[in-house]
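Asks: The following file, structure04.cif, comprises mmCIF, C-alpha atoms:
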```cif
data_coords
loop_
_atom_site.group_PDB
_atom_site.id
_atom_site.type_symbol
_atom_site.label_atom_id
_atom_site.label_comp_id
_atom_site.auth_asym_id
_atom_site.auth_seq_id
_atom_site.Cartn_x
_atom_site.Cartn_y
_atom_site.Cartn_z
ATOM 1 C CA MET A 27 38.529 -37.897 11.042
ATOM 2 C CA MET A 28 34.988 -36.740 11.697
ATOM 3 C CA VAL A 29 32.962 -35.119 8.898
ATOM 4 C CA VAL A 30 30.619 -32.399 10.058
ATOM 5 C CA PRO A 31 27.561 -32.022 7.815
ATOM 6 C CA SER A 32 26.863 -28.560 6.528
ATOM 7 C CA THR A 33 24.007 -26.818 8.310
ATOM 8 C CA ARG A 34 23.767 -24.128 5.665
ATOM 9 C CA GLU A 35 20.879 -24.704 3.289
ATOM 10 C CA THR A 36 20.908 -23.421 -0.262
ATOM 11 C CA GLN A 37 19.559 -19.893 -0.221
ATOM 12 C CA TYR A 38 17.399 -18.715 -3.091
ATOM 13 C CA HIS A 39 16.480 -15.225 -4.228
ATOM 14 C CA VAL A 40 13.048 -14.134 -5.467
ATOM 15 C CA CYS A 41 12.099 -11.290 -7.780
ATOM 16 C CA SER A 42 8.668 -10.380 -9.068
ATOM 17 C CA ALA A 43 8.317 -10.879 -12.818
ATOM 18 C CA ASP A 44 7.735 -7.118 -12.988
ATOM 19 C CA GLY A 45 11.453 -6.713 -12.198
ATOM 20 C CA ILE A 46 12.500 -8.500 -15.414
ATOM 21 C CA ARG A 47 11.736 -7.264 -18.915
ATOM 22 C CA ALA A 48 12.018 -8.730 -22.408
ATOM 23 C CA GLU A 49 14.748 -6.653 -24.028
ATOM 24 C CA PHE A 50 14.755 -8.337 -27.464
ATOM 25 C CA GLY A 51 12.585 -10.947 -29.147
ATOM 26 C CA VAL A 52 8.933 -11.791 -29.642
ATOM 27 C CA CYS A 53 7.733 -10.157 -26.403
ATOM 28 C CA ARG A 54 10.010 -7.096 -26.555
ATOM 29 C CA GLY A 55 8.613 -4.346 -24.402
ATOM 30 C CA GLU A 56 5.750 -6.486 -23.099
ATOM 31 C CA PRO A 57 5.391 -6.916 -19.328
ATOM 32 C CA ILE A 58 5.873 -10.413 -17.972
ATOM 33 C CA ARG A 59 2.669 -11.194 -16.110
ATOM 34 C CA GLN A 60 2.029 -14.851 -16.897
ATOM 35 C CA PHE A 61 4.062 -17.974 -17.438
ATOM 36 C CA GLN A 62 2.932 -17.955 -21.101
ATOM 37 C CA ASP A 63 4.737 -14.625 -21.607
ATOM 38 C CA LEU A 64 8.108 -16.433 -21.453
ATOM 39 C CA VAL A 65 9.285 -17.240 -24.981
ATOM 40 C CA LEU A 66 12.322 -19.337 -25.923
ATOM 41 C CA GLY A 67 14.981 -17.222 -27.606
ATOM 42 C CA ASP A 68 13.878 -13.930 -26.085
ATOM 43 C CA ILE A 69 16.522 -11.891 -24.282
ATOM 44 C CA TYR A 70 15.655 -10.757 -20.758
ATOM 45 C CA LEU A 71 17.215 -8.031 -18.656
ATOM 46 C CA ALA A 72 16.781 -7.221 -14.963
ATOM 47 C CA LYS A 73 15.350 -3.753 -14.420
ATOM 48 C CA PRO A 74 17.594 -1.370 -12.441
ATOM 49 C CA ASP A 75 15.010 -1.163 -9.656
ATOM 50 C CA ALA A 76 14.378 -4.940 -9.441
ATOM 51 C CA THR A 77 14.081 -6.087 -5.830
ATOM 52 C CA TRP A 78 15.481 -9.497 -4.903
ATOM 53 C CA THR A 79 14.483 -10.990 -1.554
ATOM 54 C CA GLU A 80 15.668 -14.184 0.109
ATOM 55 C CA ALA A 81 13.617 -17.363 -0.122
ATOM 56 C CA GLY A 82 13.889 -20.933 1.086
ATOM 57 C CA ALA A 83 12.953 -24.228 -0.540
ATOM 58 C CA GLN A 84 9.873 -25.985 0.858
ATOM 59 C CA ASP A 85 11.271 -29.454 0.126
ATOM 60 C CA ASP A 86 14.141 -31.281 -1.576
ATOM 61 C CA ASN A 87 12.177 -31.637 -4.848
ATOM 62 C CA LEU A 88 11.958 -27.839 -5.230
ATOM 63 C CA SER A 89 8.196 -28.044 -5.756
ATOM 64 C CA GLY A 90 7.831 -24.746 -3.952
ATOM 65 C CA PHE A 91 9.567 -21.941 -2.115
ATOM 66 C CA THR A 92 8.761 -19.751 0.884
ATOM 67 C CA ILE A 93 9.243 -16.015 1.193
ATOM 68 C CA ASP A 94 8.894 -13.645 4.114
ATOM 69 C CA LEU A 95 6.976 -10.607 2.881
ATOM 70 C CA ALA A 96 6.715 -8.806 6.215
ATOM 71 C CA ALA A 97 7.686 -9.363 9.827
ATOM 72 C CA ASN A 98 4.064 -9.484 10.974
ATOM 73 C CA LEU A 99 2.874 -11.899 8.240
ATOM 74 C CA PRO A 100 3.383 -15.664 7.999
ATOM 75 C CA LEU A 101 5.684 -17.102 5.341
ATOM 76 C CA ARG A 102 4.094 -17.145 1.893
ATOM 77 C CA GLY A 103 4.373 -20.170 -0.352
ATOM 78 C CA LEU A 104 5.452 -19.975 -3.986
ATOM 79 C CA THR A 105 4.474 -22.909 -6.214
ATOM 80 C CA ASN A 106 7.109 -23.893 -8.763
ATOM 81 C CA LEU A 107 5.737 -23.971 -12.330
ATOM 82 C CA ALA A 108 8.889 -24.664 -14.359
ATOM 83 C CA HIS A 109 12.660 -24.770 -14.395
ATOM 84 C CA LEU A 110 14.041 -22.090 -16.713
ATOM 85 C CA VAL A 111 17.492 -22.231 -18.263
ATOM 86 C CA PHE A 112 19.073 -18.950 -19.329
ATOM 87 C CA MET A 113 22.402 -18.315 -21.037
ATOM 88 C CA THR A 114 24.185 -14.996 -20.764
ATOM 89 C CA THR A 115 25.708 -13.431 -23.840
ATOM 90 C CA THR A 116 29.126 -14.323 -22.367
ATOM 91 C CA GLY A 117 28.185 -18.030 -22.268
ATOM 92 C CA ARG A 118 27.420 -18.411 -18.553
ATOM 93 C CA ARG A 119 24.432 -20.579 -17.643
ATOM 94 C CA ALA A 120 21.828 -19.190 -15.231
ATOM 95 C CA ASP A 121 19.107 -21.460 -13.844
ATOM 96 C CA ALA A 122 15.894 -20.016 -12.462
ATOM 97 C CA TYR A 123 12.425 -21.197 -11.534
ATOM 98 C CA ALA A 124 9.125 -19.667 -12.554
ATOM 99 C CA ALA A 125 6.907 -19.707 -9.474
ATOM 100 C CA VAL A 126 3.494 -18.307 -8.673
ATOM 101 C CA CYS A 127 1.881 -16.953 -5.500
ATOM 102 C CA ASP A 128 -1.597 -15.417 -5.339
ATOM 103 C CA GLY A 129 -1.688 -15.104 -9.130
ATOM 104 C CA HIS A 130 1.621 -13.222 -9.380
ATOM 105 C CA LEU A 131 4.601 -14.650 -11.276
ATOM 106 C CA TYR A 132 8.057 -14.669 -9.660
ATOM 107 C CA PHE A 133 11.574 -15.669 -10.696
ATOM 108 C CA VAL A 134 13.478 -17.742 -8.145
ATOM 109 C CA CYS A 135 17.197 -18.472 -8.503
ATOM 110 C CA GLU A 136 20.314 -19.105 -6.439
ATOM 111 C CA HIS A 137 22.039 -15.970 -7.738
ATOM 112 C CA PRO A 138 20.079 -12.818 -8.625
ATOM 113 C CA PHE A 139 20.235 -11.636 -12.212
ATOM 114 C CA GLN A 140 23.033 -9.142 -12.630
ATOM 115 C CA HIS A 141 22.173 -5.617 -13.649
ATOM 116 C CA ALA A 142 23.000 -4.795 -17.314
ATOM 117 C CA THR A 143 23.526 -8.478 -18.196
ATOM 118 C CA GLU A 144 21.401 -9.991 -20.955
ATOM 119 C CA TYR A 145 19.897 -13.457 -20.367
ATOM 120 C CA VAL A 146 18.665 -15.563 -23.300
ATOM 121 C CA LEU A 147 15.941 -18.083 -22.400
ATOM 122 C CA ILE A 148 17.145 -21.352 -23.953
ATOM 123 C CA ASP A 149 14.994 -24.008 -22.239
ATOM 124 C CA ILE A 150 11.763 -24.364 -20.258
ATOM 125 C CA ASN A 151 11.251 -27.569 -18.300
ATOM 126 C CA ALA A 152 7.631 -27.403 -17.167
ATOM 127 C CA ARG A 153 6.510 -29.530 -14.241
ATOM 128 C CA SER A 154 5.408 -32.970 -15.354
ATOM 129 C CA ASP A 155 2.792 -33.574 -12.639
ATOM 130 C CA GLY A 156 0.105 -31.582 -14.403
ATOM 131 C CA PHE A 157 0.044 -28.771 -11.862
ATOM 132 C CA VAL A 158 -2.627 -26.186 -12.514
ATOM 133 C CA PRO A 159 -2.507 -23.001 -10.439
ATOM 134 C CA ALA A 160 -5.613 -22.408 -8.361
ATOM 135 C CA VAL A 161 -7.648 -19.299 -8.924
ATOM 136 C CA VAL A 162 -7.798 -17.296 -5.709
ATOM 137 C CA PRO A 163 -10.810 -14.990 -5.590
ATOM 138 C CA THR A 164 -10.440 -11.494 -4.255
ATOM 139 C CA PRO A 165 -12.597 -10.479 -1.297
ATOM 140 C CA ALA A 166 -16.163 -9.609 -2.272
ATOM 141 C CA ARG A 167 -16.886 -5.917 -2.565
ATOM 142 C CA GLN A 168 -20.249 -4.194 -2.390
ATOM 143 C CA ALA A 169 -21.066 -2.622 -5.731
ATOM 144 C CA ASP A 170 -21.781 1.078 -5.695
ATOM 145 C CA ALA A 171 -25.306 2.051 -6.711
ATOM 146 C CA PRO A 172 -25.333 4.059 -9.926
ATOM 147 C CA ALA A 173 -26.056 7.744 -9.525
ATOM 148 C CA PRO A 174 -29.471 8.829 -10.806
ATOM 149 C CA ARG A 175 -29.272 10.309 -14.280
ATOM 150 C CA PRO A 176 -30.602 13.820 -14.614
ATOM 151 C CA GLN A 177 -33.588 14.246 -16.894
ATOM 152 C CA VAL A 178 -32.561 16.509 -19.759
ATOM 153 C CA VAL A 179 -35.179 17.488 -22.323
ATOM 154 C CA GLU A 180 -34.230 19.474 -25.402
ATOM 155 C CA THR A 181 -36.645 20.849 -27.904
ATOM 156 C CA LEU A 182 -35.730 20.183 -31.503
ATOM 157 C CA ARG A 183 -36.752 22.528 -34.262
ATOM 158 C CA LYS A 184 -36.821 21.681 -37.885
ATOM 159 C CA ILE A 185 -35.241 24.391 -39.998
ATOM 160 C CA GLY A 186 -35.764 24.605 -43.733
#
```
Is it possible to give me this structure as structure tokens?

Replies:
Amino acid sequence: MMVVPSTRETQYHVCSADGIRAEFGVCRGEPIRQFQDLVLGDIYLAKPDATWTEAGAQDDNLSGFTIDLAANLPLRGLTNLAHLVFMTTTGRRADAYAAVCDGHLYFVCEHPFQHATEYVLIDINARSDGFVPAVVPTPARQADAPAPRPQVVETLRKIG
């Protein structure tokens, strides 16, 4: 009997951190913009308009992921910051990765977060290799010259 290896790779799904919100907990109502905004014990909920796109793993160690933002652009690389462990209120475990690309935080997981399902963050396993995200400068922009201020002279009178 011949065993045929599977050619299907594990497919991942990516969502911008803007698509997830803290529903209850320390950061309730705060936008998730940085990795430090994730707090153990907080309850997260996918926004109704959250967009999940497909992604692939860069290597077997899951140190990064690749996403296709547009047909005319090359694949973009997401750098994995940490492995996040969520638990739904029904007791189902949901693993995700916090990844960054061009200063934006993303959630990467095998199965997208379900709409109207609460996810409690129960563990954060940060990368142990001391990864520090690089600061990517924005293109330089010529500063606008300030407009000349009009000369206004008022005469003051002392009364009384």

Asks: Give me, as a VMD selection string, all polymer residues having an atom no more than 9 Å from A:Ile148, counting all atoms listed in the file and skipping those fewer than 6 positions away in the same chain.

Replies: chain A and resid 65 to 68 110 to 113

Asks: Using all atoms listed in the file, pick whichever of A:Ala43, A:Val146, A:Ala81, A:His130 has the shortest atom-to-atom distance to A:Ile69.

Replies: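 Smallest separation from A:Ile69 among the options: A:Val146.
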
Asks: Quote the spacing between atom CA of A:His137 and atom CA of A:Ala120 in Å to one decimal place.

Replies: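 Between these atoms lies a distance of 8.2 Å.
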
Asks: Atom CA of A:His39 and atom CA of A:Thr116, how far apart in Å?

Replies: 22.1 Å

Asks: If you apply the PyMOL selection byres ((chain A and resi 59) around 9) to this file, what residues do you get, as a VMD selection string?

Replies: chain A and resid 43 to 44 56 to 58 60 to 63 130 to 131

Asks: N, CA and C atoms are what I want for stretch 94-126 of chain A; can you complete it accordingly and write them as a compact mmCIF listing (two decimals), keeping the file's coordinate frame?

Replies:
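So result.txt came out as:
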```txt
# COMPACT_ATOMS: atom_id res chain seq x y z
N ASP A 94 9.35 -14.42 2.98
CA ASP A 94 8.89 -13.64 4.11
C ASP A 94 8.62 -12.24 3.61
N LEU A 95 7.33 -11.91 3.43
CA LEU A 95 6.98 -10.61 2.88
C LEU A 95 7.04 -9.49 3.92
N ALA A 96 6.70 -9.81 5.15
CA ALA A 96 6.72 -8.81 6.22
C ALA A 96 6.89 -9.51 7.55
N ALA A 97 7.41 -8.78 8.53
CA ALA A 97 7.69 -9.36 9.83
C ALA A 97 6.41 -9.81 10.54
N ASN A 98 5.30 -9.15 10.28
CA ASN A 98 4.06 -9.48 10.97
C ASN A 98 3.15 -10.42 10.17
N LEU A 99 3.64 -10.97 9.06
CA LEU A 99 2.87 -11.90 8.24
C LEU A 99 3.54 -13.26 8.23
N PRO A 100 2.77 -14.34 8.10
CA PRO A 100 3.38 -15.66 8.00
C PRO A 100 4.12 -15.81 6.67
N LEU A 101 4.97 -16.83 6.59
CA LEU A 101 5.68 -17.10 5.34
C LEU A 101 4.68 -17.39 4.24
N ARG A 102 4.96 -16.90 3.05
CA ARG A 102 4.09 -17.14 1.89
C ARG A 102 4.72 -18.24 1.05
N GLY A 103 3.90 -19.07 0.48
CA GLY A 103 4.37 -20.17 -0.35
C GLY A 103 4.31 -19.83 -1.83
N LEU A 104 5.40 -20.12 -2.53
CA LEU A 104 5.45 -19.98 -3.99
C LEU A 104 5.42 -21.38 -4.59
N THR A 105 4.56 -21.62 -5.56
CA THR A 105 4.47 -22.91 -6.21
C THR A 105 5.30 -22.88 -7.49
N ASN A 106 6.21 -23.82 -7.62
CA ASN A 106 7.11 -23.89 -8.76
C ASN A 106 6.34 -24.37 -9.99
N LEU A 107 6.39 -23.60 -11.07
CA LEU A 107 5.74 -23.97 -12.33
C LEU A 107 6.70 -24.64 -13.31
N ALA A 108 7.94 -24.14 -13.37
CA ALA A 108 8.89 -24.66 -14.36
C ALA A 108 10.31 -24.28 -13.99
N HIS A 109 11.23 -25.06 -14.52
CA HIS A 109 12.66 -24.77 -14.40
C HIS A 109 13.07 -24.07 -15.68
N LEU A 110 13.63 -22.88 -15.56
CA LEU A 110 14.04 -22.09 -16.71
C LEU A 110 15.56 -22.10 -16.83
N VAL A 111 16.05 -22.25 -18.03
CA VAL A 111 17.49 -22.23 -18.26
C VAL A 111 17.81 -21.03 -19.14
N PHE A 112 18.63 -20.14 -18.61
CA PHE A 112 19.07 -18.95 -19.33
C PHE A 112 20.55 -19.09 -19.65
N MET A 113 20.99 -18.39 -20.69
CA MET A 113 22.40 -18.32 -21.04
C MET A 113 22.73 -16.84 -21.23
N THR A 114 23.79 -16.39 -20.58
CA THR A 114 24.18 -15.00 -20.76
C THR A 114 24.89 -14.87 -22.10
N THR A 115 25.04 -13.65 -22.56
CA THR A 115 25.71 -13.43 -23.84
C THR A 115 27.20 -13.75 -23.75
N THR A 116 27.73 -13.92 -22.53
CA THR A 116 29.13 -14.32 -22.37
C THR A 116 29.26 -15.84 -22.22
N GLY A 117 28.13 -16.58 -22.30
CA GLY A 117 28.18 -18.03 -22.27
C GLY A 117 27.99 -18.65 -20.90
N ARG A 118 27.63 -17.87 -19.90
CA ARG A 118 27.42 -18.41 -18.55
C ARG A 118 25.97 -18.86 -18.42
N ARG A 119 25.78 -20.04 -17.84
CA ARG A 119 24.43 -20.58 -17.64
C ARG A 119 23.84 -20.01 -16.36
N ALA A 120 22.54 -19.69 -16.41
CA ALA A 120 21.83 -19.19 -15.23
C ALA A 120 20.50 -19.93 -15.13
N ASP A 121 20.34 -20.71 -14.07
CA ASP A 121 19.11 -21.46 -13.84
C ASP A 121 18.18 -20.65 -12.95
N ALA A 122 16.90 -20.71 -13.26
CA ALA A 122 15.89 -20.02 -12.46
C ALA A 122 14.63 -20.86 -12.47
N TYR A 123 13.72 -20.53 -11.60
CA TYR A 123 12.42 -21.20 -11.53
C TYR A 123 11.34 -20.15 -11.71
N ALA A 124 10.31 -20.51 -12.46
CA ALA A 124 9.12 -19.67 -12.55
C ALA A 124 8.17 -20.18 -11.48
N ALA A 125 7.78 -19.31 -10.57
CA ALA A 125 6.91 -19.71 -9.47
C ALA A 125 5.77 -18.71 -9.36
N VAL A 126 4.68 -19.15 -8.78
CA VAL A 126 3.49 -18.31 -8.67
C VAL A 126 3.00 -18.29 -7.23
```
